[in-house]
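Asker: See final_20.tsv below, with TSV, C-alpha atoms.
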chain	number	residue	atom	x	y	z
A	1378	MET	CA	19.72	-10.09	0.33
A	1379	ASN	CA	20.74	-10.33	-3.33
A	1380	GLU	CA	17.16	-9.60	-4.41
A	1381	ALA	CA	16.92	-6.45	-2.30
A	1382	TYR	CA	20.34	-5.31	-3.54
A	1383	ASP	CA	19.64	-6.04	-7.20
A	1384	HIS	CA	16.13	-4.60	-7.24
A	1385	SER	CA	17.26	-1.48	-5.38
A	1386	GLY	CA	20.01	-1.04	-7.99
A	1387	THR	CA	17.54	-1.49	-10.83
A	1388	THR	CA	15.23	1.09	-9.27
A	1389	TYR	CA	18.14	3.49	-8.80
A	1390	ASP	CA	19.12	3.00	-12.46
A	1391	PHE	CA	15.54	3.54	-13.60
A	1392	PHE	CA	15.19	6.89	-11.85
A	1393	ALA	CA	18.67	7.95	-12.97
A	1394	LYS	CA	18.41	6.96	-16.63
A	1395	ILE	CA	14.79	7.91	-17.26
A	1396	PHE	CA	14.38	10.99	-15.08
A	1397	GLY	CA	17.96	12.04	-14.34
A	1398	ARG	CA	17.36	11.57	-10.61
A	1399	ASN	CA	20.35	10.72	-8.42
A	1400	SER	CA	18.82	8.40	-5.79
A	1401	LEU	CA	15.94	9.11	-3.45
A	1402	ASP	CA	17.05	12.60	-2.46
A	1403	ASP	CA	18.55	13.44	-5.89
A	1404	GLU	CA	21.85	13.87	-4.06
A	1405	GLY	CA	23.14	10.30	-4.20
A	1406	MET	CA	21.66	9.01	-0.95
A	1407	LYS	CA	22.72	5.45	-0.06
A	1408	LEU	CA	19.99	2.87	-0.46
A	1409	VAL	CA	19.75	0.83	2.73
A	1410	SER	CA	17.54	-2.25	3.05
A	1411	SER	CA	16.90	-4.59	5.94
A	1412	VAL	CA	15.90	-8.10	4.88
A	1413	HIS	CA	14.52	-11.15	6.70
A	1414	VAL	CA	12.82	-8.68	9.03
A	1415	GLY	CA	10.70	-10.24	11.78
A	1416	ASP	CA	7.71	-8.89	13.61
A	1417	GLU	CA	7.71	-7.96	17.30
A	1418	ASP	CA	7.21	-11.63	18.22
A	1419	GLY	CA	10.09	-12.80	16.07
A	1420	GLU	CA	7.87	-14.32	13.38
A	1421	PRO	CA	8.71	-13.59	9.71
A	1422	LEU	CA	7.09	-10.31	8.72
A	1423	THR	CA	4.38	-10.58	6.08
A	1424	ASN	CA	4.98	-7.03	4.94
A	1425	ALA	CA	7.45	-4.54	3.48
A	1426	PHE	CA	7.69	-0.90	4.46
A	1427	TRP	CA	9.64	2.35	4.25
A	1428	ASN	CA	10.59	3.57	7.72
A	1429	GLY	CA	11.36	7.13	6.74
A	1430	GLU	CA	15.05	6.40	6.14
A	1431	GLN	CA	15.34	2.93	4.62
A	1432	MET	CA	13.42	-0.09	3.33
A	1433	ALA	CA	12.48	-3.20	5.33
A	1434	TYR	CA	11.32	-6.51	3.90
A	1435	GLY	CA	9.83	-9.55	5.56
A	1436	ASP	CA	10.08	-13.14	4.34
A	1437	GLY	CA	6.35	-13.85	4.44
A	1438	ASP	CA	4.71	-16.76	6.20
A	1439	GLY	CA	5.33	-19.27	3.40
A	1440	ARG	CA	1.63	-20.10	3.38
A	1441	ILE	CA	0.16	-17.02	1.70
A	1442	PHE	CA	3.19	-14.77	1.27
A	1443	LYS	CA	6.70	-15.41	0.02
A	1444	ARG	CA	9.69	-13.10	0.48
A	1445	PHE	CA	8.73	-9.50	-0.24
A	1446	THR	CA	12.11	-8.93	-1.91
A	1447	ARG	CA	11.08	-11.31	-4.73
A	1448	SER	CA	9.11	-8.59	-6.46
A	1449	LEU	CA	10.88	-5.78	-8.31
A	1450	ASP	CA	7.69	-3.72	-8.35
A	1451	VAL	CA	7.31	-4.04	-4.56
A	1452	VAL	CA	10.92	-2.90	-4.08
A	1453	GLY	CA	10.31	-0.07	-6.56
A	1454	HIS	CA	7.15	0.85	-4.65
A	1455	GLU	CA	8.98	1.09	-1.31
A	1456	LEU	CA	11.85	3.10	-2.80
A	1457	THR	CA	9.38	5.49	-4.41
A	1458	HIS	CA	8.03	6.25	-0.93
A	1459	GLY	CA	11.56	7.47	-0.30
A	1460	VAL	CA	11.54	9.63	-3.44
A	1461	GLU	CA	8.20	11.05	-2.35
A	1462	SER	CA	9.56	12.03	1.04
A	1463	PHE	CA	12.05	14.28	-0.76
A	1464	THR	CA	9.56	15.68	-3.31
A	1465	SER	CA	5.82	16.22	-2.93
A	1466	ASN	CA	5.79	14.58	0.52
A	1467	LEU	CA	2.09	13.85	0.12
A	1468	LEU	CA	0.38	13.65	3.51
A	1469	TYR	CA	-0.22	9.98	4.32
A	1470	GLN	CA	-3.90	10.25	5.11
A	1471	GLY	CA	-7.07	10.35	3.03
A	1472	GLN	CA	-6.88	11.50	-0.59
A	1473	SER	CA	-3.31	12.84	-0.50
A	1474	GLY	CA	-2.30	9.55	1.13
A	1475	ALA	CA	-3.99	7.62	-1.67
A	1476	LEU	CA	-1.95	9.69	-4.13
A	1477	ASN	CA	1.16	8.83	-2.11
A	1478	GLU	CA	0.36	5.14	-2.59
A	1479	HIS	CA	-0.59	5.76	-6.22
A	1480	PHE	CA	2.78	7.26	-7.14
A	1481	ALA	CA	4.56	4.40	-5.35
A	1482	ASP	CA	2.55	1.93	-7.45
A	1483	VAL	CA	3.15	3.89	-10.67
A	1484	PHE	CA	6.93	3.92	-10.37
A	1485	GLY	CA	6.99	0.42	-8.91
A	1486	ILE	CA	5.28	-0.98	-11.99
A	1487	LEU	CA	7.26	1.24	-14.37
A	1488	VAL	CA	10.56	-0.03	-12.99
A	1489	ARG	CA	9.45	-3.55	-13.80
A	1490	GLN	CA	8.12	-2.69	-17.27
A	1491	TRP	CA	11.36	-0.80	-18.01
A	1492	LYS	CA	13.52	-3.69	-16.83
A	1493	ARG	CA	11.57	-6.09	-19.05
A	1494	GLY	CA	11.31	-3.65	-21.97
A	1495	GLU	CA	7.55	-4.12	-22.08
A	1496	PRO	CA	5.26	-1.79	-24.06
A	1497	ALA	CA	2.22	-0.58	-22.12
A	1498	ALA	CA	-0.22	-2.58	-24.23
A	1499	GLU	CA	1.53	-5.88	-23.57
A	1500	ALA	CA	2.63	-5.29	-20.00
A	1501	SER	CA	1.02	-6.66	-16.88
A	1502	TRP	CA	-0.43	-4.00	-14.60
A	1503	VAL	CA	-0.61	-6.38	-11.63
A	1504	LEU	CA	1.64	-5.63	-8.67
A	1505	GLY	CA	3.22	-8.09	-6.26
A	1506	GLU	CA	2.61	-11.29	-8.18
A	1507	GLU	CA	5.91	-12.78	-6.99
A	1508	ILE	CA	5.25	-12.29	-3.27
A	1509	LEU	CA	2.12	-14.46	-3.23
A	1510	VAL	CA	2.03	-18.23	-3.01
A	1511	PRO	CA	0.13	-19.06	-6.21
A	1512	ALA	CA	-3.56	-19.91	-5.94
A	1513	PRO	CA	-6.49	-19.67	-8.38
A	1514	THR	CA	-8.04	-16.92	-6.22
A	1515	ARG	CA	-5.09	-14.49	-6.39
A	1516	ARG	CA	-3.02	-12.85	-9.15
A	1517	GLY	CA	-1.20	-10.19	-7.15
A	1518	ILE	CA	-1.82	-7.55	-4.48
A	1519	ARG	CA	-3.23	-4.86	-6.79
A	1520	ASP	CA	-4.26	-4.51	-10.42
A	1521	MET	CA	-3.64	-0.97	-11.63
A	1522	GLU	CA	-5.68	-1.35	-14.80
A	1523	LYS	CA	-8.57	-3.21	-13.17
A	1524	PRO	CA	-8.61	-2.27	-9.48
A	1525	GLY	CA	-10.67	-4.63	-7.34
A	1526	THR	CA	-9.77	-7.77	-9.28
A	1527	ALA	CA	-6.26	-8.79	-8.09
A	1528	PHE	CA	-7.73	-11.38	-5.73
A	1529	VAL	CA	-11.30	-12.64	-5.53
A	1530	ASN	CA	-12.93	-14.80	-2.85
A	1531	ASP	CA	-9.52	-15.77	-1.55
A	1532	PRO	CA	-9.73	-17.76	1.72
A	1533	TYR	CA	-7.14	-15.51	3.40
A	1534	LEU	CA	-7.15	-12.24	1.42
A	1535	GLY	CA	-10.84	-12.07	0.62
A	1536	THR	CA	-11.74	-9.92	-2.38
A	1537	ASP	CA	-9.59	-7.03	-3.58
A	1538	PRO	CA	-11.14	-3.95	-1.90
A	1539	GLN	CA	-9.82	-1.29	-4.30
A	1540	PRO	CA	-12.36	0.96	-6.02
A	1541	ALA	CA	-11.87	1.72	-9.72
A	1542	HIS	CA	-14.04	4.85	-9.84
A	1543	VAL	CA	-14.69	7.84	-7.56
A	1544	LYS	CA	-18.30	6.77	-7.14
A	1545	ASP	CA	-16.97	3.92	-4.97
A	1546	TYR	CA	-14.51	6.08	-3.01
A	1547	TYR	CA	-13.86	4.74	0.51
A	1548	THR	CA	-14.54	7.30	3.26
A	1549	GLY	CA	-13.95	5.25	6.43
A	1550	LYS	CA	-11.12	5.29	9.01
A	1551	LEU	CA	-9.35	2.06	8.08
A	1552	ASP	CA	-6.01	2.20	6.30
A	1553	LYS	CA	-5.49	5.88	7.19
A	1554	GLY	CA	-8.62	6.76	5.31
A	1555	GLY	CA	-8.10	4.22	2.54
A	1556	VAL	CA	-4.65	5.10	1.25
A	1557	HIS	CA	-4.17	1.58	-0.20
A	1558	LEU	CA	-7.81	1.40	-1.24
A	1559	ASN	CA	-8.56	4.64	-3.05
A	1560	SER	CA	-5.19	4.57	-4.83
A	1561	GLY	CA	-6.98	2.22	-7.23
A	1562	ILE	CA	-8.75	5.24	-8.73
A	1563	PRO	CA	-5.69	7.21	-9.93
A	1564	ASN	CA	-3.91	3.90	-10.66
A	1565	ARG	CA	-6.55	3.10	-13.27
A	1566	ALA	CA	-6.36	6.63	-14.68
A	1567	PHE	CA	-2.62	6.19	-15.16
A	1568	ALA	CA	-2.83	2.70	-16.69
A	1569	LEU	CA	-5.54	3.79	-19.13
A	1570	THR	CA	-3.55	6.89	-20.08
A	1571	ALA	CA	-0.39	4.87	-20.68
A	1572	LYS	CA	-2.22	2.27	-22.76
A	1573	ALA	CA	-3.99	4.96	-24.81
A	1574	LEU	CA	-0.66	6.62	-25.56
A	1575	GLY	CA	0.85	3.32	-26.67
A	1576	GLY	CA	4.57	2.67	-26.69
A	1577	ARG	CA	6.42	2.35	-23.43
A	1578	ALA	CA	4.68	3.70	-20.36
A	1579	TRP	CA	7.76	5.22	-18.73
A	1580	GLU	CA	8.53	7.46	-21.71
A	1581	VAL	CA	5.57	9.86	-21.83
A	1582	ALA	CA	3.03	8.91	-19.16
A	1583	GLY	CA	5.83	8.15	-16.70
A	1584	ARG	CA	7.55	11.45	-17.47
A	1585	ILE	CA	4.31	13.39	-16.90
A	1586	TRP	CA	3.63	11.61	-13.62
A	1587	TYR	CA	7.21	12.10	-12.43
A	1588	ASP	CA	7.04	15.82	-13.15
A	1589	ALA	CA	3.67	15.95	-11.39
A	1590	LEU	CA	5.25	14.31	-8.33
A	1591	LEU	CA	7.72	17.20	-8.21
A	1592	GLN	CA	4.96	19.80	-8.43
A	1593	LEU	CA	2.17	18.55	-6.19
A	1594	SER	CA	1.75	19.93	-2.70
A	1595	PRO	CA	1.49	17.68	0.40
A	1596	LEU	CA	-2.29	18.10	0.61
A	1597	ALA	CA	-3.00	17.49	-3.09
A	1598	SER	CA	-6.29	15.90	-4.09
A	1599	PHE	CA	-7.11	13.61	-7.01
A	1600	LEU	CA	-8.45	16.67	-8.86
A	1601	ASP	CA	-5.19	18.54	-8.22
A	1602	CYS	CA	-3.25	15.58	-9.60
A	1603	ALA	CA	-5.52	15.40	-12.65
A	1604	ARG	CA	-5.10	19.12	-13.33
A	1605	VAL	CA	-1.31	19.03	-12.92
A	1606	THR	CA	-0.89	15.95	-15.14
A	1607	LEU	CA	-3.17	17.49	-17.77
A	1608	GLY	CA	-1.16	20.71	-17.65
A	1609	LEU	CA	2.08	18.76	-18.11
A	1610	ALA	CA	0.52	16.73	-20.93
A	1611	ARG	CA	0.13	19.93	-22.95
A	1612	LEU	CA	3.92	19.94	-23.37
A	1613	HIS	CA	3.61	16.59	-25.18
A	1614	GLY	CA	0.90	17.58	-27.68
A	1615	ASP	CA	-2.83	17.22	-28.26
A	1616	VAL	CA	-2.90	13.43	-28.44
A	1617	THR	CA	-1.20	13.14	-25.07
A	1618	GLN	CA	-3.47	15.75	-23.56
A	1619	ARG	CA	-6.54	13.89	-24.78
A	1620	ALA	CA	-5.26	10.58	-23.40
A	1621	VAL	CA	-4.64	12.09	-19.96
A	1622	ARG	CA	-8.04	13.78	-19.88
A	1623	GLN	CA	-9.79	10.57	-20.93
A	1624	GLY	CA	-7.83	8.53	-18.40
A	1625	TRP	CA	-9.06	10.69	-15.55
A	1626	ALA	CA	-12.57	10.89	-17.00
A	1627	ALA	CA	-12.80	7.09	-17.01
A	1628	VAL	CA	-12.46	7.08	-13.21
A	1629	GLY	CA	-14.93	9.92	-12.73
A	1630	ILE	CA	-12.60	12.92	-12.55
A	1631	ALA	CA	-13.39	15.57	-15.17
A	1632	VAL	CA	-10.68	18.08	-16.06
B	1125	MET	CA	-17.85	-8.30	26.40
B	1126	GLN	CA	-17.64	-7.57	22.71
B	1127	VAL	CA	-14.33	-7.12	20.94
B	1128	SER	CA	-14.01	-5.85	17.39
B	1129	PHE	CA	-10.73	-6.14	15.49
B	1130	ARG	CA	-9.77	-4.63	12.14
B	1131	GLN	CA	-6.49	-4.87	10.24
B	1132	SER	CA	-5.83	-2.73	7.17
B	1133	GLY	CA	-2.99	-1.22	5.18
B	1134	GLY	CA	0.45	-2.73	4.84
B	1135	ALA	CA	2.12	-3.00	1.45
B	1136	THR	CA	-0.57	-5.48	0.49
B	1137	GLY	CA	-3.54	-3.34	1.57
B	1138	PHE	CA	-6.01	-6.13	2.25
B	1139	LEU	CA	-8.60	-6.00	5.03
B	1140	ARG	CA	-9.04	-8.54	7.81
B	1141	GLY	CA	-11.04	-8.57	11.01
B	1142	VAL	CA	-13.32	-10.29	13.45
B	1143	ASP	CA	-16.11	-9.42	15.90
B	1144	LEU	CA	-16.16	-11.57	19.03
B	1145	ASP	CA	-18.75	-11.72	21.81
B	1146	THR	CA	-17.74	-13.57	24.96
B	1147	SER	CA	-21.38	-14.43	25.69
B	1148	VAL	CA	-21.48	-16.76	22.68
B	1149	LEU	CA	-17.90	-18.04	22.66
B	1150	GLU	CA	-16.82	-21.33	24.24
B	1151	SER	CA	-16.13	-20.58	27.88
B	1152	ALA	CA	-12.42	-21.38	27.64
B	1153	VAL	CA	-12.01	-19.06	24.65
B	1154	ALA	CA	-14.11	-16.36	26.29
B	1155	ASP	CA	-12.06	-16.57	29.51
B	1156	ARG	CA	-8.84	-16.31	27.53
B	1157	LEU	CA	-10.09	-13.29	25.59
B	1158	GLU	CA	-11.21	-11.52	28.76
B	1159	ARG	CA	-7.83	-12.15	30.41
B	1160	LEU	CA	-6.00	-10.83	27.35
B	1161	VAL	CA	-8.18	-7.72	27.29
B	1162	VAL	CA	-7.44	-7.01	30.96
B	1163	ALA	CA	-3.72	-7.64	30.42
B	1164	SER	CA	-3.66	-5.38	27.36
B	1165	GLY	CA	-4.22	-2.29	29.49
B	1166	ILE	CA	-6.45	-0.74	26.84
B	1167	HIS	CA	-8.53	1.94	28.56
B	1168	GLY	CA	-10.21	4.97	27.05
B	1169	GLN	CA	-9.28	5.83	23.51
B	1170	ILE	CA	-5.67	5.21	22.56
B	1171	GLU	CA	-4.46	6.34	19.14
B	1172	ARG	CA	-0.80	6.19	18.21
B	1173	PHE	CA	0.67	6.05	14.73
B	1174	SER	CA	4.19	6.25	13.35
B	1175	PRO	CA	4.64	9.59	11.60
B	1176	LYS	CA	7.20	8.81	8.87
B	1177	GLU	CA	6.70	5.16	8.05
B	1178	ARG	CA	4.83	4.05	4.93
B	1179	ASP	CA	3.05	0.73	4.35
B	1180	LEU	CA	2.80	-0.29	7.99
B	1181	ARG	CA	-0.27	-2.35	8.86
B	1182	GLN	CA	-2.93	-0.50	10.82
B	1183	TYR	CA	-4.88	-2.09	13.69
B	1184	GLU	CA	-8.08	-1.07	15.39
B	1185	ILE	CA	-9.40	-2.85	18.48
B	1186	VAL	CA	-12.69	-1.73	20.06
B	1187	ILE	CA	-13.78	-3.26	23.39
B	1188	ARG	CA	-17.36	-2.85	24.68
B	1189	ASN	CA	-18.00	-4.06	28.21
B	1190	GLU	CA	-20.87	-3.20	30.58
B	1191	GLY	CA	-21.63	0.07	28.81
B	1192	ARG	CA	-18.01	1.20	28.59
B	1193	VAL	CA	-16.05	1.49	25.37
B	1194	ALA	CA	-12.27	1.36	25.05
B	1195	SER	CA	-10.29	1.41	21.83
B	1196	LEU	CA	-6.78	1.13	20.46
B	1197	SER	CA	-5.75	2.41	17.03
B	1198	CYS	CA	-2.11	1.81	16.14
B	1199	ASP	CA	0.29	0.38	13.58
B	1200	ASP	CA	2.97	-2.29	13.46
B	1201	ARG	CA	5.52	-0.07	15.18
B	1202	THR	CA	3.27	1.38	17.87
B	1203	VAL	CA	1.44	-1.65	19.29
B	1204	PRO	CA	1.76	-1.38	23.09
B	1205	LYS	CA	3.78	-4.33	24.40
B	1206	ASN	CA	0.98	-5.43	26.75
B	1207	ALA	CA	-1.51	-5.47	23.87
B	1208	ARG	CA	0.54	-7.73	21.60
B	1209	PRO	CA	-0.85	-11.03	22.96
B	1210	LEU	CA	-4.40	-9.73	22.46
B	1211	LEU	CA	-3.55	-8.63	18.93
B	1212	ARG	CA	-2.05	-12.03	18.18
B	1213	PHE	CA	-5.17	-13.76	19.53
B	1214	LEU	CA	-7.50	-11.57	17.46
B	1215	ASP	CA	-5.37	-11.99	14.35
B	1216	ALA	CA	-5.59	-15.77	14.75
B	1217	HIS	CA	-9.39	-15.51	14.82
B	1218	ALA	CA	-9.67	-12.97	11.99
B	1219	GLY	CA	-10.76	-13.56	8.44
B	1220	PRO	CA	-10.97	-11.50	5.26
B	1221	LEU	CA	-13.35	-8.56	5.31
B	1222	ARG	CA	-15.33	-6.98	2.55
B	1223	ARG	CA	-14.73	-3.27	2.12
B	1224	PRO	CA	-17.17	-1.43	4.45
Render the structure in this file as structure tokens.
Answerer:
Amino acid sequence: MNEAYDHSGTTYDFFAKIFGRNSLDDEGMKLVSSVHVGDEDGEPLTNAFWNGEQMAYGDGDGRIFKRFTRSLDVVGHELTHGVESFTSNLLYQGQSGALNEHFADVFGILVRQWKRGEPAAEASWVLGEEILVPAPTRRGIRDMEKPGTAFVNDPYLGTDPQPAHVKDYYTGKLDKGGVHLNSGIPNRAFALTAKALGGRAWEVAGRIWYDALLQLSPLASFLDCARVTLGLARLHGDVTQRAVRQGWAAVGIAV
Amino acid sequence: MQVSFRQSGGATGFLRGVDLDTSVLESAVADRLERLVVASGIHGQIERFSPKERDLRQYEIVIRNEGRVASLSCDDRTVPKNARPLLRFLDAHAGPLRRP
């Protein structure tokens, strides 16, 4: 309970201090979390989710997963789904759904980097490290800088299915058209942009991505996101613009 | 009877699944699976997803039997009560999947 409370507070502070946002709805909405959530059979849930109004966290099975509240970036991710529901409200299917997941990952990892005071170059870009029982085959649930490498040949998780480039874009039905899969593509664009800019990722790259979240429409594509972030980068100068363009180019999206 | 199971999504986003064929399973396991399929009430194509939730796990069960195909696509919050024992059985038999 303390973890959910503390991490929610940290995420609230992050959005307030960095972007001037007053909670999920920007109107001071209360942050409600349910913890120790079980599945329909009463077993500990091996998941965390946003139910449209609040967060819910399971305790994991103790074999592969630990408590989902352990990870600040996971809590930040779930709360960002709440922010998204009051902003771009990206449709949770296909490419717009992958952007929905992407923004949740971006602000999830930025909350953690901000809390730790980590510059982009030194920071870890791996999400969810704390919710996994350690094993040589797993480092986290996603790697934003190197999608597809967070877990490899793991007996339970298998190999990280995220693509890192549009040439490997997933087009099937699973995962609502790959919302947690294809998010690896813009995740890498963001991580590369932030590292190219240097300094602290939440200051310039984070600002651009936050402003993009406010501007994108519910059916936005990766190309739309690239164009909007590039347009916003112009406000920060040529170096920033070049870093954003190169970040998207590295994943196969030319703007 | 052939039963295909796929799990995707959730906050973790990993993929799991299994393809079972009662003609090659141990008879006790095959009988259990067939009973669970009947009890699940899955007929035709059922698709039900929660509209507002994010990071729920998604499930797909496809049943092929004597030329007929039935399927269920749902998430954690929309699994029909009668199908939960079948889902639990399939999950227990599932393993990690490579991205299709």
Asker: Looking at all atoms listed in the file, which of B:Ile1166, B:Leu1160, B:Val1148, B:Leu1139 is the one that sits closest to Arg1212 (chain B)?
Answerer: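 Going through B:Ile1166, B:Leu1160, B:Val1148, B:Leu1139 one by one, the smallest distance to Arg1212 (chain B) is for B:Leu1160.
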Asker: Identify, on the basis of only C-alpha atoms, every residue whose closest approach to Gln1623 (chain A) does not exceed 10 Å; exclude the query and any residue fewer than 5 positions from it along the same chain; express the result as a PyMOL selection string.
Answerer: chain A and resi 1566+1569-1570+1573+1617-1618+1628-1632
Asker: Using all atoms listed in the file, tabulate the residues of chain B lying at most 7 Å from any atom of chain A, each with its closest atom pair and that distance in Å to one decimal, by chain and increasing residue number, as JSON lines.
Answerer:
{"residue": "B:Ser1132", "atom": "CA", "partner": "A:Asp1552", "partner_atom": "CA", "distance": 5.0}
{"residue": "B:Gly1133", "atom": "CA", "partner": "A:Asp1552", "partner_atom": "CA", "distance": 4.7}
{"residue": "B:Gly1134", "atom": "CA", "partner": "A:Asn1424", "partner_atom": "CA", "distance": 6.2}
{"residue": "B:Ala1135", "atom": "CA", "partner": "A:Ala1425", "partner_atom": "CA", "distance": 5.9}
{"residue": "B:Thr1136", "atom": "CA", "partner": "A:Ile1518", "partner_atom": "CA", "distance": 5.5}
{"residue": "B:Gly1137", "atom": "CA", "partner": "A:His1557", "partner_atom": "CA", "distance": 5.3}
{"residue": "B:Phe1138", "atom": "CA", "partner": "A:Leu1534", "partner_atom": "CA", "distance": 6.3}
{"residue": "B:Lys1176", "atom": "CA", "partner": "A:Gly1429", "partner_atom": "CA", "distance": 5.0}
{"residue": "B:Glu1177", "atom": "CA", "partner": "A:Asn1428", "partner_atom": "CA", "distance": 4.2}
{"residue": "B:Arg1178", "atom": "CA", "partner": "A:Trp1427", "partner_atom": "CA", "distance": 5.1}
{"residue": "B:Asp1179", "atom": "CA", "partner": "A:Phe1426", "partner_atom": "CA", "distance": 4.9}
{"residue": "B:Leu1180", "atom": "CA", "partner": "A:Phe1426", "partner_atom": "CA", "distance": 6.1}
{"residue": "B:Gln1182", "atom": "CA", "partner": "A:Asp1552", "partner_atom": "CA", "distance": 6.1}
{"residue": "B:Gly1219", "atom": "CA", "partner": "A:Tyr1533", "partner_atom": "CA", "distance": 6.5}
{"residue": "B:Pro1220", "atom": "CA", "partner": "A:Gly1535", "partner_atom": "CA", "distance": 4.7}
{"residue": "B:Leu1221", "atom": "CA", "partner": "A:Gly1535", "partner_atom": "CA", "distance": 6.4}
{"residue": "B:Arg1222", "atom": "CA", "partner": "A:Thr1536", "partner_atom": "CA", "distance": 6.8}
{"residue": "B:Arg1223", "atom": "CA", "partner": "A:Pro1538", "partner_atom": "CA", "distance": 5.4}
Asker: Do you have the CA of Leu1157 (chain B)-CA of Ile1187 (chain B) distance handy?
Answerer: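 Computing it gives 10.9 Å between the two atoms.
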Asker: Go through B:Gly1191, B:Gly1168, B:Pro1175, B:Pro1224 one by one, measure the shortest atom-to-atom distance of each to Gln1126 (chain B) using all atoms listed in the file, and give the residue with the smallest value.
Answerer: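 Looking at the shortest contact to Gln1126 (chain B), the residue is B:Gly1191.
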Asker: For Phe1567 (chain A), which residue out of A:Asp1545, A:Asp1482, A:Asp1436, A:Glu1495 is the nearest one, using all atoms listed in the file?
Answerer: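 The closest residue to Phe1567 (chain A) is A:Asp1482.
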Asker: Please measure the separation of CA of Ser1448 (chain A) and CA of Leu1476 (chain A), giving the value in Å to one decimal.
Answerer: 21.5 Å
Asker: Can you tell me which residues surround Leu1609 (chain A) at a distance of at most 12 Å, considering only C-alpha atoms, apart from same-chain residues fewer than 3 positions away, and format the answer as a list in words?
Answerer: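 Surrounding residues, per the criterion: Val1581, Ala1582, Gly1583, Arg1584, Ile1585, Trp1586, Tyr1587, Asp1588, Ala1589, Leu1590, Leu1591, Gln1592, Leu1593, Cys1602, Ala1603, Arg1604, Val1605, Thr1606, Leu1612, His1613, Gly1614, Asp1615, Thr1617, Gln1618, Arg1619, Val1621 and Arg1622 of chain A.
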Asker: Might I get the box with edges along x, y and z of the file that holds all atoms of region 1516-1528 of chain A listed there, padded by 6 Å on every side, given as centre and edge lengths in Å to one decimal, as AutoDock Vina command-line options?
Answerer:
--center_x -5.9 --center_y -6.9 --center_z -9.6 --size_x 21.5 --size_y 23.9 --size_z 22.3
Asker: Taking the structure in the block just given, could you write region 1608-1619 of chain A with N, CA and C atoms, as an mmCIF file, in the first residue's frame?
Answerer:
data_model
loop_
_atom_site.group_PDB
_atom_site.id
_atom_site.type_symbol
_atom_site.label_atom_id
_atom_site.label_comp_id
_atom_site.auth_asym_id
_atom_site.auth_seq_id
_atom_site.Cartn_x
_atom_site.Cartn_y
_atom_site.Cartn_z
ATOM 1 N N GLY A 1608 7.762 19.177 -35.117
ATOM 2 C CA GLY A 1608 7.259 20.555 -35.113
ATOM 3 C C GLY A 1608 7.516 21.235 -33.778
ATOM 4 N N LEU A 1609 7.286 20.523 -32.694
ATOM 5 C CA LEU A 1609 7.528 21.081 -31.354
ATOM 6 C C LEU A 1609 9.018 21.280 -31.097
ATOM 7 N N ALA A 1610 9.845 20.417 -31.693
ATOM 8 C CA ALA A 1610 11.297 20.524 -31.494
ATOM 9 C C ALA A 1610 11.838 21.833 -32.071
ATOM 10 N N ARG A 1611 11.168 22.355 -33.076
ATOM 11 C CA ARG A 1611 11.628 23.607 -33.691
ATOM 12 C C ARG A 1611 11.689 24.738 -32.646
ATOM 13 N N LEU A 1612 10.812 24.665 -31.662
ATOM 14 C CA LEU A 1612 10.791 25.695 -30.614
ATOM 15 C C LEU A 1612 12.040 25.632 -29.741
ATOM 16 N N HIS A 1613 12.755 24.498 -29.819
ATOM 17 C CA HIS A 1613 13.927 24.296 -28.954
ATOM 18 C C HIS A 1613 15.234 24.432 -29.731
ATOM 19 N N GLY A 1614 15.177 24.772 -31.020
ATOM 20 C CA GLY A 1614 16.397 25.023 -31.776
ATOM 21 C C GLY A 1614 16.779 23.904 -32.734
ATOM 22 N N ASP A 1615 17.791 24.208 -33.556
ATOM 23 C CA ASP A 1615 18.207 23.293 -34.624
ATOM 24 C C ASP A 1615 18.745 21.963 -34.096
ATOM 25 N N VAL A 1616 19.523 22.034 -33.020
ATOM 26 C CA VAL A 1616 20.124 20.803 -32.485
ATOM 27 C C VAL A 1616 19.031 19.843 -32.030
ATOM 28 N N THR A 1617 18.045 20.393 -31.370
ATOM 29 C CA THR A 1617 16.928 19.564 -30.882
ATOM 30 C C THR A 1617 16.146 18.990 -32.059
ATOM 31 N N GLN A 1618 15.916 19.832 -33.037
ATOM 32 C CA GLN A 1618 15.172 19.381 -34.218
ATOM 33 C C GLN A 1618 15.898 18.224 -34.898
ATOM 34 N N ARG A 1619 17.200 18.359 -35.022
ATOM 35 C CA ARG A 1619 17.997 17.311 -35.667
ATOM 36 C C ARG A 1619 17.933 16.012 -34.848
#
